[in-house]
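Note: the block below is my_file-v7.txt and it holds compact mmCIF, C-alpha atoms.
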# COMPACT_ATOMS: atom_id res chain seq x y z
CA MET A 346 -54.81 16.34 -35.55
CA PRO A 347 -52.40 14.31 -37.74
CA ARG A 348 -53.20 10.63 -38.23
CA ARG A 349 -49.91 9.66 -36.64
CA ALA A 350 -50.76 11.59 -33.48
CA ILE A 351 -54.23 10.05 -33.35
CA GLY A 352 -52.78 6.57 -33.79
CA TRP A 353 -50.22 7.19 -31.05
CA ARG A 354 -52.93 8.44 -28.69
CA ILE A 355 -55.11 5.38 -29.35
CA LEU A 356 -52.13 3.08 -28.78
CA THR A 357 -51.35 4.87 -25.50
CA VAL A 358 -54.92 4.48 -24.24
CA VAL A 359 -55.00 0.78 -25.19
CA ALA A 360 -51.64 0.20 -23.45
CA ALA A 361 -52.85 2.00 -20.31
CA LEU A 362 -56.04 -0.08 -20.20
CA LEU A 363 -53.99 -3.26 -20.63
CA VAL A 364 -51.69 -2.27 -17.76
CA LEU A 365 -54.68 -1.53 -15.52
CA LYS A 366 -56.46 -4.75 -16.46
CA VAL A 367 -53.43 -6.96 -15.83
CA THR A 368 -52.68 -5.15 -12.57
CA VAL A 369 -56.23 -5.76 -11.34
CA VAL A 370 -56.06 -9.44 -12.35
CA VAL A 371 -52.72 -9.87 -10.57
CA VAL A 372 -53.98 -8.19 -7.40
CA MET A 373 -57.12 -10.35 -7.43
CA GLY A 374 -54.82 -13.37 -7.44
CA TYR A 375 -53.41 -12.32 -4.08
CA VAL A 376 -56.05 -14.49 -2.42
CA ASN A 377 -53.66 -17.36 -3.22
CA TYR A 378 -50.79 -15.65 -1.41
CA LEU A 379 -52.43 -14.63 1.87
CA PRO A 380 -52.09 -17.24 3.24
CA ALA A 381 -49.73 -18.97 0.84
CA ASN A 382 -51.46 -21.54 -1.35
CA PHE A 383 -48.79 -23.87 -2.70
CA ASN A 384 -51.24 -25.35 -5.19
CA SER A 385 -51.50 -22.02 -7.01
CA ASP A 386 -49.55 -21.52 -10.23
CA PHE A 387 -46.82 -19.19 -8.97
CA LEU A 388 -46.22 -20.79 -5.57
CA ARG A 389 -46.32 -24.41 -6.75
CA GLY A 390 -43.03 -26.10 -5.88
CA ARG A 391 -41.83 -23.30 -3.59
CA GLU A 392 -42.97 -24.74 -0.28
CA SER A 393 -39.55 -26.13 0.64
CA TYR A 394 -37.86 -22.71 0.76
CA PHE A 395 -40.76 -20.26 0.92
CA TYR A 396 -40.44 -19.49 4.63
CA GLU A 397 -36.63 -19.45 4.58
CA GLY A 398 -36.43 -15.81 3.51
CA TYR A 399 -38.06 -15.99 0.10
CA HIS A 400 -41.42 -14.98 1.57
CA CYS A 401 -40.01 -11.63 2.74
CA ALA A 402 -38.88 -10.68 -0.77
CA PHE A 403 -42.07 -12.08 -2.29
CA TYR A 404 -44.46 -10.11 -0.08
CA LEU A 405 -42.45 -6.89 -0.44
CA HIS A 406 -42.51 -7.33 -4.22
CA ILE A 407 -46.23 -7.93 -4.53
CA ALA A 408 -47.00 -5.15 -2.02
CA PHE A 409 -45.35 -2.30 -3.92
CA GLY A 410 -45.06 -3.77 -7.43
CA PRO A 411 -48.60 -2.85 -8.57
CA ILE A 412 -48.29 0.56 -6.89
CA ALA A 413 -45.03 1.23 -8.74
CA LEU A 414 -46.65 0.25 -12.03
CA ILE A 415 -49.61 2.61 -11.56
CA LEU A 416 -47.38 5.44 -10.31
CA GLY A 417 -45.07 4.92 -13.27
CA MET A 418 -47.97 5.24 -15.67
CA LEU A 419 -48.97 8.54 -14.05
CA LEU A 420 -45.44 9.92 -13.90
CA VAL A 421 -44.69 9.41 -17.62
CA ASN A 422 -48.01 11.04 -18.53
CA GLU A 423 -47.24 14.52 -19.89
CA PRO A 424 -50.69 16.10 -19.26
CA PHE A 425 -50.55 14.94 -15.62
CA ARG A 426 -47.05 16.37 -15.18
CA ARG A 427 -48.00 19.74 -16.65
CA ARG A 428 -51.27 20.08 -14.76
CA PHE A 429 -50.06 18.76 -11.39
CA PRO A 430 -46.32 19.49 -11.14
CA ARG A 431 -46.29 19.29 -7.31
CA TRP A 432 -48.01 15.92 -7.33
CA HIS A 433 -45.59 14.78 -10.02
CA ARG A 434 -42.62 15.63 -7.80
CA LEU A 435 -44.16 14.09 -4.67
CA LEU A 436 -45.21 10.86 -6.38
CA GLY A 437 -41.83 10.76 -8.11
CA ARG A 438 -40.04 10.72 -4.76
CA ILE A 439 -42.30 7.92 -3.52
CA GLN A 440 -41.63 6.01 -6.73
CA VAL A 441 -37.87 6.33 -6.46
CA ALA A 442 -37.83 5.20 -2.83
CA GLY A 443 -40.23 2.32 -3.47
CA VAL A 444 -38.39 0.96 -6.49
CA LEU A 445 -34.90 1.33 -5.02
CA LEU A 446 -35.74 0.02 -1.56
CA LEU A 447 -38.50 -2.51 -2.26
CA VAL A 448 -39.17 -3.55 -5.86
CA ALA A 449 -35.63 -3.92 -7.23
CA PRO A 450 -34.01 -5.63 -4.19
CA SER A 451 -36.92 -8.05 -3.73
CA GLY A 452 -36.92 -8.79 -7.47
CA LEU A 453 -33.21 -9.57 -7.30
CA VAL A 454 -33.76 -12.06 -4.47
CA MET A 455 -36.71 -13.69 -6.25
CA ALA A 456 -34.67 -14.01 -9.46
CA TYR A 457 -32.39 -16.52 -7.74
CA TYR A 458 -35.39 -18.85 -7.34
CA ALA A 459 -36.77 -18.46 -10.88
CA ALA A 460 -38.83 -21.54 -11.69
CA ALA A 461 -37.78 -21.49 -15.37
CA GLY A 462 -34.14 -22.19 -14.55
CA PRO A 463 -30.76 -20.40 -14.64
CA ALA A 464 -31.34 -18.60 -17.96
CA ALA A 465 -34.54 -17.02 -16.64
CA ALA A 466 -32.82 -16.27 -13.32
CA VAL A 467 -30.10 -14.26 -15.08
CA GLY A 468 -32.72 -12.38 -17.09
CA PHE A 469 -34.77 -11.46 -14.03
CA ALA A 470 -31.66 -10.49 -12.05
CA LEU A 471 -30.55 -8.19 -14.86
CA LEU A 472 -34.07 -6.77 -15.02
CA ALA A 473 -33.96 -5.92 -11.29
CA LEU A 474 -30.54 -4.26 -11.62
CA LEU A 475 -31.58 -2.22 -14.66
CA THR A 476 -34.81 -1.18 -12.95
CA ALA A 477 -32.81 0.22 -10.04
CA THR A 478 -30.23 1.83 -12.34
CA THR A 479 -32.71 3.57 -14.64
CA ILE A 480 -34.72 5.10 -11.82
CA ALA A 481 -31.56 6.24 -10.03
CA LEU A 482 -30.30 7.90 -13.22
CA GLY A 483 -33.74 9.42 -13.80
CA TRP A 484 -33.77 10.89 -10.30
CA ARG A 485 -30.23 12.21 -10.76
CA ALA A 486 -31.15 13.88 -14.06
CA ALA A 487 -34.17 15.58 -12.43
CA VAL A 488 -32.03 16.90 -9.56
CA GLN A 489 -29.58 18.29 -12.11
CA ARG A 490 -32.53 19.80 -14.04
CA ARG A 491 -31.78 17.78 -17.16
CA PHE A 492 -35.46 17.17 -17.73
CA ALA A 493 -35.26 15.69 -21.22
CA ASP A 494 -32.83 13.05 -19.94
CA HIS A 495 -35.01 12.59 -16.88
CA ARG A 496 -38.06 11.80 -18.98
CA ARG A 497 -36.15 9.30 -21.12
CA TRP A 498 -34.77 7.46 -18.09
CA MET A 499 -38.18 7.33 -16.44
CA TRP A 500 -39.75 5.96 -19.61
CA ARG A 501 -37.10 3.23 -19.62
CA ASN A 502 -37.89 2.50 -15.99
CA PHE A 503 -41.62 2.31 -16.67
CA LEU A 504 -41.07 -0.12 -19.52
CA LEU A 505 -38.96 -2.31 -17.24
CA LEU A 506 -41.67 -2.23 -14.58
CA SER A 507 -44.23 -3.10 -17.26
CA SER A 508 -42.37 -6.35 -17.95
CA ALA A 509 -44.80 -7.97 -15.50
CA VAL A 510 -47.65 -7.01 -17.82
CA VAL A 511 -45.85 -8.22 -20.95
CA LEU A 512 -44.95 -11.46 -19.20
CA ARG A 513 -48.60 -12.08 -18.35
CA VAL A 514 -49.58 -11.42 -22.00
CA LEU A 515 -46.89 -13.84 -23.22
CA GLY A 516 -48.14 -16.41 -20.72
CA GLY A 517 -51.64 -16.07 -22.14
CA LEU A 518 -50.25 -16.48 -25.64
CA ALA A 519 -48.47 -19.66 -24.60
CA THR A 520 -51.73 -21.02 -23.21
CA VAL A 521 -53.60 -20.26 -26.44
CA LEU A 522 -50.87 -21.86 -28.56
CA VAL A 523 -50.60 -24.80 -26.15
CA LEU A 524 -46.90 -24.17 -25.56
CA ASP A 525 -45.64 -26.03 -22.51
CA ALA A 526 -41.90 -25.83 -22.80
CA GLY A 527 -39.21 -24.61 -20.41
CA TRP A 528 -37.49 -22.72 -23.20
CA PHE A 529 -40.57 -20.55 -23.74
CA ASP A 530 -40.73 -19.48 -20.09
CA ALA A 531 -37.06 -18.53 -20.11
CA MET A 532 -37.42 -16.70 -23.43
CA ALA A 533 -40.50 -14.85 -22.20
CA GLY A 534 -38.62 -13.70 -19.11
CA TRP A 535 -36.03 -11.98 -21.31
CA ALA A 536 -38.42 -10.79 -24.04
CA SER A 537 -40.79 -9.19 -21.52
CA TRP A 538 -38.35 -6.33 -20.97
CA LEU A 539 -35.80 -6.55 -23.79
CA VAL A 540 -38.31 -6.12 -26.62
CA PRO A 541 -40.15 -3.04 -25.22
CA LEU A 542 -36.83 -1.43 -24.29
CA ALA A 543 -35.36 -2.07 -27.74
CA VAL A 544 -38.43 -0.59 -29.44
CA PHE A 545 -38.19 2.49 -27.22
CA GLU A 546 -34.49 2.99 -27.96
CA LEU A 547 -35.05 2.69 -31.71
CA ALA A 548 -37.99 5.12 -31.62
CA ASN A 549 -36.09 7.51 -29.37
CA ARG A 550 -33.09 7.47 -31.66
CA GLY A 551 -35.37 8.34 -34.58
CA LYS A 552 -36.83 11.31 -32.70
CA LEU A 553 -33.39 12.59 -31.80
CA GLY A 554 -32.41 12.36 -35.43
CA GLU A 555 -35.45 14.39 -36.47
CA ARG A 556 -34.58 17.10 -33.93
CA LYS A 557 -31.04 17.38 -35.25
CA LEU A 558 -32.09 17.45 -38.92
CA PRO A 559 -33.44 21.06 -39.11
CA GLY A 560 -30.12 22.49 -37.92
CA ALA A 561 -27.97 20.28 -40.11
CA VAL A 562 -25.63 21.79 -42.65
CA ARG A 563 -24.71 19.76 -45.67
CA GLN A 564 -21.98 20.39 -48.21
CA VAL A 565 -23.38 20.26 -51.74
CA SER A 566 -20.89 20.82 -54.57
CA GLY A 567 -18.66 22.73 -52.14
CA VAL A 568 -21.46 25.06 -51.03
CA SER A 569 -22.94 24.97 -47.48
CA VAL A 570 -26.69 24.58 -47.60
CA ALA A 571 -28.74 24.89 -44.39
CA THR A 572 -31.57 22.37 -44.31
CA HIS A 573 -34.81 23.35 -42.64
CA ASN A 574 -37.78 21.04 -42.31
CA GLY A 575 -36.21 18.65 -44.75
CA ALA A 576 -36.01 21.26 -47.53
Please render this file's structure as structure tokens.
Amino acid sequence: MPRRAIGWRILTVVAALLVLKVTVVVVMGYVNYLPANFNSDFLRGRESYFYEGYHCAFYLHIAFGPIALILGMLLVNEPFRRRFPRWHRLLGRIQVAGVLLLVAPSGLVMAYYAAAGPAAAVGFALLALLTATTIALGWRAAVQRRFADHRRWMWRNFLLLSSAVVLRVLGGLATVLVLDAGWFDAMAGWASWLVPLAVFELANRGKLGERKLPGAVRQVSGVSVATHNGA
């Protein structure tokens, strides 16, 4: 197996373990939400409006959010898709319904109350809208049997869902570096999904370029030369 493939596989395993670990830690923290503990980190300062509608969006979000993250990790896994195609389709339908009806709408409502201020609120609102858009386009591509497009859209959606994991990692980094500034929280809210998405788009563009290269025809001194495998 090429070193690049081995490195990619190791990176994938590490990323999956990180997602699982953060998900477990987040779920364990639910003891502060049932009932609501307004001395806990996330709920501190929200008591004045918590039961005025915010709590509905909040509980919907934390109920299906971890499920969507785990399902997303399964659905973008190629070996799982090939070995269990029926399960892939069934779980995919559950994922689409859950994200469109629960995760994205509740995230949009919660964005309005972002503790880090208006800049973070805009970032989280855009994240919710893009999460809904990418999964809708992924579902549409699957229905139209454009499976390559489907996989790309679902990878984008998974990366957007994984922003919760990246945000937790950035929060830990801020604690280690003793950063206690409003600008960092707002920046982290944007970076948690913009950076992974940008990396994916750049990598994806490179792969598309490699696929087009073998069939390329270049004009050299007026003579057409077909290039195959870079030769």
- Of the residues A:Tyr394, A:Phe469, A:Phe403, A:Phe503, which is the one nearest to Ala456 of chain A, using all atoms listed in the file?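 Selected residue with least distance to Ala456 of chain A: A:Phe469.
Of the listed residues A:Ala531, A:Ala477, A:Leu539, A:Val367, the one whose atoms come nearest to Val441 of chain A is A:Ala477, with distances taken using all atoms listed in the file.
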- Query: Expressed in Å to a single decimal, how great is the separation between atom CA of Arg497 of chain A and atom CA of Leu482 of chain A?
  - Reply: 9.9 Å
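Closest approach to Asp494 of chain A among A:Ser537, A:Val511, A:Asn549, A:Pro463 is made by A:Asn549 (distances from all atoms listed in the file).
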- How many Å lie between atom CA of Ala519 of chain A and atom CA of Ser451 of chain A, rounded to one decimal?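 Those two atoms sit 26.5 Å apart.
Among the candidates A:Ala481, A:Ala381, A:Ala361, A:Ile407, the residue lying nearest to Arg438 of chain A is A:Ala481 (atoms considered: only C-alpha atoms).
Minimum distance to Phe387 of chain A across A:Arg431, A:Arg491, A:Arg550, A:Arg513 (counting all atoms listed in the file) occurs at A:Arg513.
With atom CA of Ala473 of chain A on one side and atom CA of Phe529 of chain A on the other, the separation reads 20.3 Å.
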- Query: In terms of the shortest atom-to-atom distance over all atoms listed in the file, which of A:Met455, A:Leu504, A:Ala548, A:Leu363 is closest to Arg391 of chain A?
  - Reply: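 Once distances to Arg391 of chain A are computed over all atoms listed in the file, the minimum belongs to A:Met455.
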- Item | Contacts of Thr368 of chain A within 10 Å, only C-alpha atoms, excl. fewer than 5 positions in-chain, as a ChimeraX atom specification | /A:362-363,373-374,410-412,414-415,507,509-510,513
- Query: What's the 12 Å shell around Ser393 of chain A, counting all atoms listed in the file, without same-chain residues fewer than 6 positions away, as a PyMOL selection string?
  - Reply: chain A and resi 383+399-400+458
- Query: Leu453 of chain A: which residues within 12 Å, counting all atoms listed in the file, same-chain residues fewer than 2 positions away excluded, as a ChimeraX atom specification?
  - Reply: /A:399,402-403,405-406,444-451,455-459,466-477
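Near Arg496 of chain A, within 9 Å and counting only C-alpha atoms, sit A:Val421, A:Gly483, A:Ala486, A:Ala487, A:Arg491, A:Arg501; same-chain residues fewer than 5 positions away were not included.
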